[in-house]
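*Asks:* Let me begin by handing over the structure; questions about it come next.
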Amino acid sequence: IINMKNILYRSGCPVANVLDLMGDKWSLLVIRDIFMEKNTYTVFLEGPEKISTNILSHRLKLLQELDLIGFRRDAKDKKIKYYFLTNRGIDLYPIIVEMGLWSMKHLNKSFADISYDWYEQFNTRTSAQVIEENRDNYLTIRENLLAKE
């Protein structure tokens, strides 16, 4: 188990420290997927980024050890795990939102239709409003998932 106090950080920079914990190209995508109600191993594998099984297993364990995600088992099939974000994981949502907004604004490329639908939320409301609403929605989703135990 990872003890956050025993991690060797490269510097005293807070940004570098977050990257030391989860600066790989997969961790934030797993967290993004859980926010989007994709919460099983099989569904993660179906993502457009095509994560491999060994990388996915490693990232899920790492994110659990960092207390960013948890899981509950399916009542009927104990092999199925439903992953959810802890409060610490939910606190990463603003970072993911701002990264997405930056990409939509500055990268000259086409994105998936869902990205444009998501981006439309910001035409009439501030980032803070959208983040708060989506955070509240996710908390309801998590409560419903955990209530099924």
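Residue numbering restarts at 1 for every chain of the structure tokens, chains are lettered A, B, ... in their displayed order, and ligands are numbered from 1 as they appear.
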Once DSSP has gone over the backbone, tell me which residues of segment 8-73 of chain A are in helix (DSSP H, G or I), as a PyMOL selection string.

*Replies:* chain A and resi 14-22+27-35+41-45+53-65

*Asks:* In chain A, what's strand (DSSP E or B) per DSSP? Answer as a list in words?

*Replies:*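 In chain A, DSSP puts these residues in strand (DSSP E or B): Ile69, Gly70, Phe71, Arg72, Arg73, Lys81, Tyr82, Tyr83, Phe84 and Leu85 of chain A.
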
*Asks:* Skip Ala128 of chain A itself and residues of its chain fewer than 5 positions away, then list as a list in words all residues within 10 Å of it, counting only C-alpha atoms.

*Replies:*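 Skipping anything fewer than 5 positions along the chain leaves Pro94, Val97, Phe122, Glu133 and Asn134 of chain A.
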
*Asks:* Convert the current residue selection to file output with all heavy atoms, as a PDB file, in the first residue's frame.

*Replies:*
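Saved file selection-v9.pdb follows:
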ATOM      1  N   PRO A  94     -12.405  19.320 -11.165  1.00  0.00           N
ATOM      2  CA  PRO A  94     -12.088  20.633 -11.767  1.00  0.00           C
ATOM      3  C   PRO A  94     -10.842  20.606 -12.643  1.00  0.00           C
ATOM      4  O   PRO A  94     -10.787  21.300 -13.669  1.00  0.00           O
ATOM      5  CB  PRO A  94     -11.884  21.547 -10.550  1.00  0.00           C
ATOM      6  CG  PRO A  94     -12.654  20.895  -9.451  1.00  0.00           C
ATOM      7  CD  PRO A  94     -12.542  19.418  -9.716  1.00  0.00           C
ATOM      8  N   VAL A  97     -11.880  19.069 -15.948  1.00  0.00           N
ATOM      9  CA  VAL A  97     -12.692  20.025 -16.697  1.00  0.00           C
ATOM     10  C   VAL A  97     -11.810  21.073 -17.364  1.00  0.00           C
ATOM     11  O   VAL A  97     -11.944  21.353 -18.559  1.00  0.00           O
ATOM     12  CB  VAL A  97     -13.733  20.702 -15.773  1.00  0.00           C
ATOM     13  CG1 VAL A  97     -14.356  21.916 -16.443  1.00  0.00           C
ATOM     14  CG2 VAL A  97     -14.801  19.706 -15.367  1.00  0.00           C
ATOM     15  N   PHE A 122     -20.691  25.192 -21.105  1.00  0.00           N
ATOM     16  CA  PHE A 122     -19.913  26.349 -20.690  1.00  0.00           C
ATOM     17  C   PHE A 122     -20.282  27.613 -21.461  1.00  0.00           C
ATOM     18  O   PHE A 122     -19.744  28.680 -21.190  1.00  0.00           O
ATOM     19  CB  PHE A 122     -18.409  26.046 -20.828  1.00  0.00           C
ATOM     20  CG  PHE A 122     -17.990  24.908 -19.952  1.00  0.00           C
ATOM     21  CD1 PHE A 122     -18.001  23.608 -20.437  1.00  0.00           C
ATOM     22  CD2 PHE A 122     -17.618  25.125 -18.637  1.00  0.00           C
ATOM     23  CE1 PHE A 122     -17.635  22.544 -19.625  1.00  0.00           C
ATOM     24  CE2 PHE A 122     -17.259  24.072 -17.821  1.00  0.00           C
ATOM     25  CZ  PHE A 122     -17.266  22.776 -18.311  1.00  0.00           C
ATOM     26  N   GLU A 133     -22.411  21.616 -10.447  1.00  0.00           N
ATOM     27  CA  GLU A 133     -23.573  20.818 -10.850  1.00  0.00           C
ATOM     28  C   GLU A 133     -23.169  19.380 -11.161  1.00  0.00           C
ATOM     29  O   GLU A 133     -23.819  18.425 -10.720  1.00  0.00           O
ATOM     30  CB  GLU A 133     -24.238  21.449 -12.066  1.00  0.00           C
ATOM     31  CG  GLU A 133     -25.457  20.678 -12.540  1.00  0.00           C
ATOM     32  CD  GLU A 133     -26.086  21.310 -13.757  1.00  0.00           C
ATOM     33  OE1 GLU A 133     -26.207  22.552 -13.788  1.00  0.00           O
ATOM     34  OE2 GLU A 133     -26.458  20.557 -14.681  1.00  0.00           O
ATOM     35  N   ASN A 134     -22.108  19.204 -11.933  1.00  0.00           N
ATOM     36  CA  ASN A 134     -21.666  17.856 -12.284  1.00  0.00           C
ATOM     37  C   ASN A 134     -21.150  17.103 -11.066  1.00  0.00           C
ATOM     38  O   ASN A 134     -21.339  15.891 -10.952  1.00  0.00           O
ATOM     39  CB  ASN A 134     -20.618  17.911 -13.388  1.00  0.00           C
ATOM     40  CG  ASN A 134     -21.232  18.259 -14.732  1.00  0.00           C
ATOM     41  OD1 ASN A 134     -22.373  17.913 -15.021  1.00  0.00           O
ATOM     42  ND2 ASN A 134     -20.483  18.951 -15.556  1.00  0.00           N
TER      43      ASN A 134
END

*Asks:* Name all residues at most 10 Å from Ile80 of chain A (count only C-alpha atoms; drop same-chain ones fewer than 3 positions away) and give them as a short mmCIF file (atom, residue, chain, number, x, y, z; two decimals) with N, CA and C atoms, in the first residue's frame.

*Replies:*
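Produced file part_6.cif, reproduced below:
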data_model
loop_
_atom_site.label_atom_id
_atom_site.label_comp_id
_atom_site.auth_asym_id
_atom_site.auth_seq_id
_atom_site.Cartn_x
_atom_site.Cartn_y
_atom_site.Cartn_z
N THR A 40 -16.95 -0.17 -14.75
CA THR A 40 -16.52 -1.55 -14.62
C THR A 40 -15.28 -1.78 -15.48
N TYR A 41 -14.54 -2.79 -15.13
CA TYR A 41 -13.31 -3.14 -15.85
C TYR A 41 -13.57 -3.29 -17.34
N THR A 42 -14.62 -4.02 -17.67
CA THR A 42 -14.95 -4.26 -19.08
C THR A 42 -15.26 -2.97 -19.81
N PHE A 71 -14.43 0.52 -4.73
CA PHE A 71 -15.31 -0.32 -5.53
C PHE A 71 -16.26 -1.07 -4.61
N ARG A 72 -17.32 -1.52 -5.23
CA ARG A 72 -18.23 -2.47 -4.57
C ARG A 72 -18.46 -3.60 -5.55
N ARG A 73 -18.69 -4.76 -5.02
CA ARG A 73 -18.93 -5.93 -5.86
C ARG A 73 -20.41 -6.05 -6.21
N ASP A 74 -20.66 -6.62 -7.36
CA ASP A 74 -22.02 -6.87 -7.79
C ASP A 74 -22.65 -7.89 -6.85
N ALA A 75 -23.89 -7.67 -6.50
CA ALA A 75 -24.57 -8.56 -5.56
C ALA A 75 -24.74 -9.98 -6.11
N LYS A 76 -24.94 -10.10 -7.42
CA LYS A 76 -25.18 -11.41 -8.03
C LYS A 76 -23.91 -12.07 -8.55
N ASP A 77 -22.99 -11.29 -9.05
CA ASP A 77 -21.76 -11.82 -9.62
C ASP A 77 -20.58 -11.13 -8.93
N TYR A 83 -16.62 0.49 -9.82
CA TYR A 83 -15.70 1.47 -9.26
C TYR A 83 -16.40 2.81 -9.08
#

*Asks:* May I have a table of the residues of segment 40-74 of chain A lying at most 8 Å from segment 16-28 of chain A, giving each one's closest pair of atoms and their distance in Å to one decimal, counting only C-alpha atoms, ordered by chain and ascending residue number, as a Markdown table?

*Replies:*
| residue | atom | partner | partner_atom | distance |
| --- | --- | --- | --- | --- |
| A:Ile51 | CA | A:Trp26 | CA | 7.7 |
| A:Leu56 | CA | A:Trp26 | CA | 7.9 |
| A:Arg59 | CA | A:Ser27 | CA | 6.1 |
| A:Leu63 | CA | A:Ser27 | CA | 7.3 |

*Asks:* Would you put the residues from that selection into a file with all heavy atoms, as a short mmCIF file (atom, residue, chain, number, x, y, z; two decimals), in the first residue's frame?

*Replies:*
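Below is the file selection_25.cif, written as the result:
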data_model
loop_
_atom_site.label_atom_id
_atom_site.label_comp_id
_atom_site.auth_asym_id
_atom_site.auth_seq_id
_atom_site.Cartn_x
_atom_site.Cartn_y
_atom_site.Cartn_z
N ILE A 51 -6.93 1.15 -23.57
CA ILE A 51 -6.00 0.79 -22.51
C ILE A 51 -5.83 -0.73 -22.48
O ILE A 51 -6.78 -1.48 -22.71
CB ILE A 51 -6.49 1.33 -21.14
CG1 ILE A 51 -5.42 1.17 -20.06
CG2 ILE A 51 -7.81 0.69 -20.74
CD1 ILE A 51 -5.74 1.89 -18.76
N LEU A 56 -4.48 -1.25 -17.16
CA LEU A 56 -5.72 -0.93 -16.46
C LEU A 56 -5.71 -1.52 -15.05
O LEU A 56 -6.03 -0.83 -14.08
CB LEU A 56 -6.94 -1.44 -17.23
CG LEU A 56 -8.29 -1.24 -16.55
CD1 LEU A 56 -8.54 0.23 -16.23
CD2 LEU A 56 -9.40 -1.81 -17.43
N ARG A 59 -3.39 0.57 -12.89
CA ARG A 59 -3.92 1.90 -12.57
C ARG A 59 -5.06 1.81 -11.56
O ARG A 59 -5.15 2.65 -10.67
CB ARG A 59 -4.40 2.64 -13.82
CG ARG A 59 -3.31 3.07 -14.75
CD ARG A 59 -2.17 3.82 -14.03
NE ARG A 59 -1.12 4.17 -14.95
CZ ARG A 59 -0.12 3.37 -15.31
NH1 ARG A 59 -0.03 2.15 -14.84
NH2 ARG A 59 0.81 3.79 -16.14
N LEU A 63 -4.85 3.77 -8.08
CA LEU A 63 -5.86 4.76 -7.71
C LEU A 63 -6.57 4.38 -6.42
O LEU A 63 -6.94 5.26 -5.63
CB LEU A 63 -6.86 4.96 -8.85
CG LEU A 63 -6.27 5.58 -10.12
CD1 LEU A 63 -7.26 5.53 -11.27
CD2 LEU A 63 -5.78 7.00 -9.87
#

*Asks:* Could you name the residues that touch Trp118 of chain A at 10 Å or less, counting only C-alpha atoms, but leaving out those on the same chain fewer than 2 positions away, as number ranges by chain?

*Replies:* A: 97, 100-101, 113-116, 120-122, 130

*Asks:* Nearest residue to Ser127 of chain A out of A:Leu85, A:Leu62, A:Ile96, A:Ile55, using only C-alpha atoms?

*Replies:* A:Ile96

*Asks:* Just to confirm, what's the straight-line distance from atom CA of Thr124 of chain A to atom CA of Gly47 of chain A in Å (one decimal)?

*Replies:*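 Going from atom CA of Thr124 of chain A over to atom CA of Gly47 of chain A, I get 29.2 Å.
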